[in-house]
Amino acid sequence: EAGVAQSPRYKIIEKRQSVAFWCNPISGHATLYWYQQILGQGPKLLIQFQNNGVVDDSQLPKDRFSAERLKGVDSTLKIQPAKLEDSAVYLCASSLSRGGSTIGELFFGEGSRLTVL
Amino acid sequence: GENVEQHPSTLSVQEGDSAVIKCTYSDSASNYFPWYKQELGKGPQLIIDIRSNVGEKKDQRIAVTLNKTAKHFSLHITETQPEDSAVYFCAASHTDGNNRLAFGKGNQVVVIP
């Protein structure tokens, strides 16, 4: 079974530029997550999708970050304009969970490492 | 929101010895506690999880114990091997409708051959 695919693996940009990350979850997984992992810290949830609807985006800096999940499959995360503090690994994860009272295993991609100069 | 803390931040053990990592959480409503292992350059991978209706769960060399009264849970790795060297993250969540996982900062475990 193919895992969660992310691209690009690495991206270096200057501050105030824009960047986009792409994620293809495991086939059949209803829930998709974007996490931000700053060096030396644990993953922090940015946004959670259930199919193509947003379940939780309370920690997404909406003035500069946006995300979409068209047709309930692939997703893109965009940052515009980027700041120095956005340097991090952006992890995409998916799960079978369809909400309700049960949370299931999250399957993470290898991440996209962003460096903002 | 939920706050998860892990101790110690770095743990070095001799191959064959046991390793124990402890996590504390703040929200007494949390009822799901997974542990993820992250190797260099890879995404985290679930290794074991426990729900609040049990106190202990074991899977081969890995076990997790939960103390709901004290609001802490621990990961136990026995007979450590070099491939156990990684960063381990604990997390907690409760079924409030979005099941948001709050991760700790991670523990670097180094197994010395």
# chains A, B, ... in the order shown; residues from 1 in each chain; ligands from 1
call {"tool": "interface_residues", "arguments": {"of": "chain A", "to": "chain B", "cutoff": "12 Å", "atoms": "only C-alpha atoms", "output": "number ranges by chain"}}
result
A: 3-6, 9-10, 31-50, 54-59, 89-95, 97-113
call {"tool": "residues_around", "arguments": {"residues": "Gly1 in chain B", "least_positions_apart": "2", "cutoff": "9 Å", "atoms": "only C-alpha atoms", "output": "ChimeraX atom specification"}}
result
/B:3,26-27,102
call {"tool": "select_by_dssp", "arguments": {"residues": "chain A", "states": "helix (DSSP H, G or I)", "output": "number ranges by chain"}}
result
A: 70-72, 84-86
call {"tool": "atom_distance", "arguments": {"atom1": "CA of Ser66 in chain A", "atom2": "CA of Glu39 in chain B"}}
result
28.4 Å
call {"tool": "residues_around", "arguments": {"residues": "Gly53 in chain A", "least_positions_apart": "5", "cutoff": "9 Å", "atoms": "only C-alpha atoms", "output": "ChimeraX atom specification"}}
result
/A:48,68-69,72
call {"tool": "write_last_selection", "arguments": {"atoms": "C-alpha atoms", "output": "PDB file, in the first residue's frame"}}
result
ATOM      1  CA  GLN A  48      -7.734  19.151   9.578  1.00  0.00           C
ATOM      2  CA  GLU A  68      -7.561  23.375   0.352  1.00  0.00           C
ATOM      3  CA  ARG A  69      -8.559  19.812  -0.327  1.00  0.00           C
ATOM      4  CA  GLY A  72     -11.697  15.156  -0.902  1.00  0.00           C
TER       5      GLY A  72
END
call {"tool": "closest_atom_pairs", "arguments": {"of": "range 64-110 of chain B", "to": "range 57-60 of chain B", "cutoff": "10 Å", "atoms": "only C-alpha atoms", "output": "JSON lines"}}
result
{"residue": "B:Val64", "atom": "CA", "partner": "B:Lys57", "partner_atom": "CA", "distance": 5.4}
{"residue": "B:Thr65", "atom": "CA", "partner": "B:Lys57", "partner_atom": "CA", "distance": 6.6}
{"residue": "B:Leu66", "atom": "CA", "partner": "B:Lys57", "partner_atom": "CA", "distance": 8.9}
{"residue": "B:Leu75", "atom": "CA", "partner": "B:Lys58", "partner_atom": "CA", "distance": 9.9}
{"residue": "B:His76", "atom": "CA", "partner": "B:Lys58", "partner_atom": "CA", "distance": 9.1}
{"residue": "B:Ile77", "atom": "CA", "partner": "B:Gln60", "partner_atom": "CA", "distance": 9.2}
{"residue": "B:Thr78", "atom": "CA", "partner": "B:Gln60", "partner_atom": "CA", "distance": 8.9}
call {"tool": "write_last_selection", "arguments": {"atoms": "N, CA, C and O atoms", "output": "tab-separated table (two decimals), in the first residue's frame"}}
result
chain	number	residue	atom	x	y	z
B	64	VAL	N	2.94	0.50	27.23
B	64	VAL	CA	2.54	1.83	27.68
B	64	VAL	C	1.66	1.64	28.92
B	64	VAL	O	0.82	0.74	28.98
B	65	THR	N	1.91	2.48	29.93
B	65	THR	CA	1.10	2.47	31.14
B	65	THR	C	0.45	3.83	31.32
B	65	THR	O	1.02	4.86	30.94
B	66	LEU	N	-0.75	3.83	31.86
B	66	LEU	CA	-1.51	5.06	32.01
B	66	LEU	C	-1.98	5.21	33.45
B	66	LEU	O	-2.54	4.27	34.03
B	75	LEU	N	6.07	5.29	28.32
B	75	LEU	CA	6.47	4.32	27.31
B	75	LEU	C	7.64	3.51	27.85
B	75	LEU	O	8.61	4.09	28.35
B	76	HIS	N	7.53	2.20	27.78
B	76	HIS	CA	8.59	1.32	28.25
B	76	HIS	C	9.10	0.50	27.07
B	76	HIS	O	8.32	-0.16	26.39
B	77	ILE	N	10.41	0.56	26.85
B	77	ILE	CA	11.04	-0.25	25.81
B	77	ILE	C	12.02	-1.18	26.49
B	77	ILE	O	12.95	-0.73	27.17
B	78	THR	N	11.83	-2.47	26.35
B	78	THR	CA	12.74	-3.45	26.97
B	78	THR	C	13.71	-3.99	25.92
B	78	THR	O	13.45	-3.90	24.72
call {"tool": "select_by_dssp", "arguments": {"residues": "range 18-106 of chain B", "states": "strand (DSSP E)", "output": "VMD selection string"}}
result
chain B and resid 19 to 25 32 to 38 45 to 51 56 to 59 62 to 67 72 to 77 86 to 92 102 to 103
call {"tool": "closest_residue", "arguments": {"among": "A:Ala30, A:Ala2, A:Ser7, A:Phe21", "to": "Gln80 in chain A", "atoms": "only C-alpha atoms"}}
result
A:Phe21
call {"tool": "atom_distance", "arguments": {"atom1": "CA of Val116 in chain A", "atom2": "CA of Lys37 in chain B"}}
result
26.9 Å
call {"tool": "residues_around", "arguments": {"residues": "Asp17 in chain B", "least_positions_apart": "3", "cutoff": "12 Å", "atoms": "only C-alpha atoms", "output": "PDB file with N, CA and C atoms, in the first residue's frame"}}
result
ATOM      1  N   LEU B  11      17.623  10.684  26.288  1.00  0.00           N
ATOM      2  CA  LEU B  11      17.869   9.493  27.103  1.00  0.00           C
ATOM      3  C   LEU B  11      18.853   8.597  26.368  1.00  0.00           C
ATOM      4  N   SER B  12      19.955   8.270  27.044  1.00  0.00           N
ATOM      5  CA  SER B  12      20.938   7.349  26.474  1.00  0.00           C
ATOM      6  C   SER B  12      20.925   6.062  27.271  1.00  0.00           C
ATOM      7  N   VAL B  13      20.847   4.938  26.573  1.00  0.00           N
ATOM      8  CA  VAL B  13      20.831   3.639  27.249  1.00  0.00           C
ATOM      9  C   VAL B  13      21.769   2.686  26.543  1.00  0.00           C
ATOM     10  N   GLN B  14      22.293   1.734  27.299  1.00  0.00           N
ATOM     11  CA  GLN B  14      23.118   0.684  26.721  1.00  0.00           C
ATOM     12  C   GLN B  14      22.218  -0.330  26.023  1.00  0.00           C
ATOM     13  N   VAL B  20      12.653   4.166  29.627  1.00  0.00           N
ATOM     14  CA  VAL B  20      11.334   4.614  30.059  1.00  0.00           C
ATOM     15  C   VAL B  20      11.204   6.105  29.797  1.00  0.00           C
ATOM     16  N   ARG B  61       8.250  -5.793  22.664  1.00  0.00           N
ATOM     17  CA  ARG B  61       9.185  -5.125  23.586  1.00  0.00           C
ATOM     18  C   ARG B  61       8.696  -3.756  24.059  1.00  0.00           C
ATOM     19  N   HIS B  76       7.535   2.202  27.775  1.00  0.00           N
ATOM     20  CA  HIS B  76       8.588   1.318  28.250  1.00  0.00           C
ATOM     21  C   HIS B  76       9.099   0.504  27.071  1.00  0.00           C
ATOM     22  N   ILE B  77      10.411   0.565  26.850  1.00  0.00           N
ATOM     23  CA  ILE B  77      11.036  -0.247  25.806  1.00  0.00           C
ATOM     24  C   ILE B  77      12.024  -1.182  26.491  1.00  0.00           C
ATOM     25  N   THR B  78      11.831  -2.475  26.352  1.00  0.00           N
ATOM     26  CA  THR B  78      12.738  -3.447  26.968  1.00  0.00           C
ATOM     27  C   THR B  78      13.709  -3.986  25.920  1.00  0.00           C
ATOM     28  N   GLU B  79      14.830  -4.515  26.404  1.00  0.00           N
ATOM     29  CA  GLU B  79      15.849  -5.120  25.530  1.00  0.00           C
ATOM     30  C   GLU B  79      16.144  -4.209  24.326  1.00  0.00           C
ATOM     31  N   THR B  80      16.528  -2.969  24.621  1.00  0.00           N
ATOM     32  CA  THR B  80      16.714  -1.977  23.561  1.00  0.00           C
ATOM     33  C   THR B  80      17.751  -2.416  22.528  1.00  0.00           C
ATOM     34  N   GLN B  81      17.484  -2.022  21.299  1.00  0.00           N
ATOM     35  CA  GLN B  81      18.351  -2.343  20.171  1.00  0.00           C
ATOM     36  C   GLN B  81      18.734  -1.048  19.460  1.00  0.00           C
ATOM     37  N   PRO B  82      19.822  -1.039  18.691  1.00  0.00           N
ATOM     38  CA  PRO B  82      20.244   0.198  18.013  1.00  0.00           C
ATOM     39  C   PRO B  82      19.139   0.815  17.165  1.00  0.00           C
ATOM     40  N   ASP B  84      16.191   1.135  17.851  1.00  0.00           N
ATOM     41  CA  ASP B  84      15.254   1.885  18.697  1.00  0.00           C
ATOM     42  C   ASP B  84      15.676   3.353  18.833  1.00  0.00           C
ATOM     43  N   VAL B 110      18.843   7.419  22.542  1.00  0.00           N
ATOM     44  CA  VAL B 110      20.062   6.940  21.898  1.00  0.00           C
ATOM     45  C   VAL B 110      20.426   5.607  22.531  1.00  0.00           C
ATOM     46  N   VAL B 111      20.482   4.562  21.720  1.00  0.00           N
ATOM     47  CA  VAL B 111      20.874   3.245  22.207  1.00  0.00           C
ATOM     48  C   VAL B 111      22.336   3.029  21.830  1.00  0.00           C
ATOM     49  N   ILE B 112      23.164   2.847  22.851  1.00  0.00           N
ATOM     50  CA  ILE B 112      24.606   2.719  22.651  1.00  0.00           C
ATOM     51  C   ILE B 112      24.968   1.249  22.479  1.00  0.00           C
ATOM     52  N   PRO B 113      25.541   0.885  21.334  1.00  0.00           N
ATOM     53  CA  PRO B 113      25.850  -0.545  21.095  1.00  0.00           C
ATOM     54  C   PRO B 113      26.912  -1.058  22.067  1.00  0.00           C
TER      55      PRO B 113
END
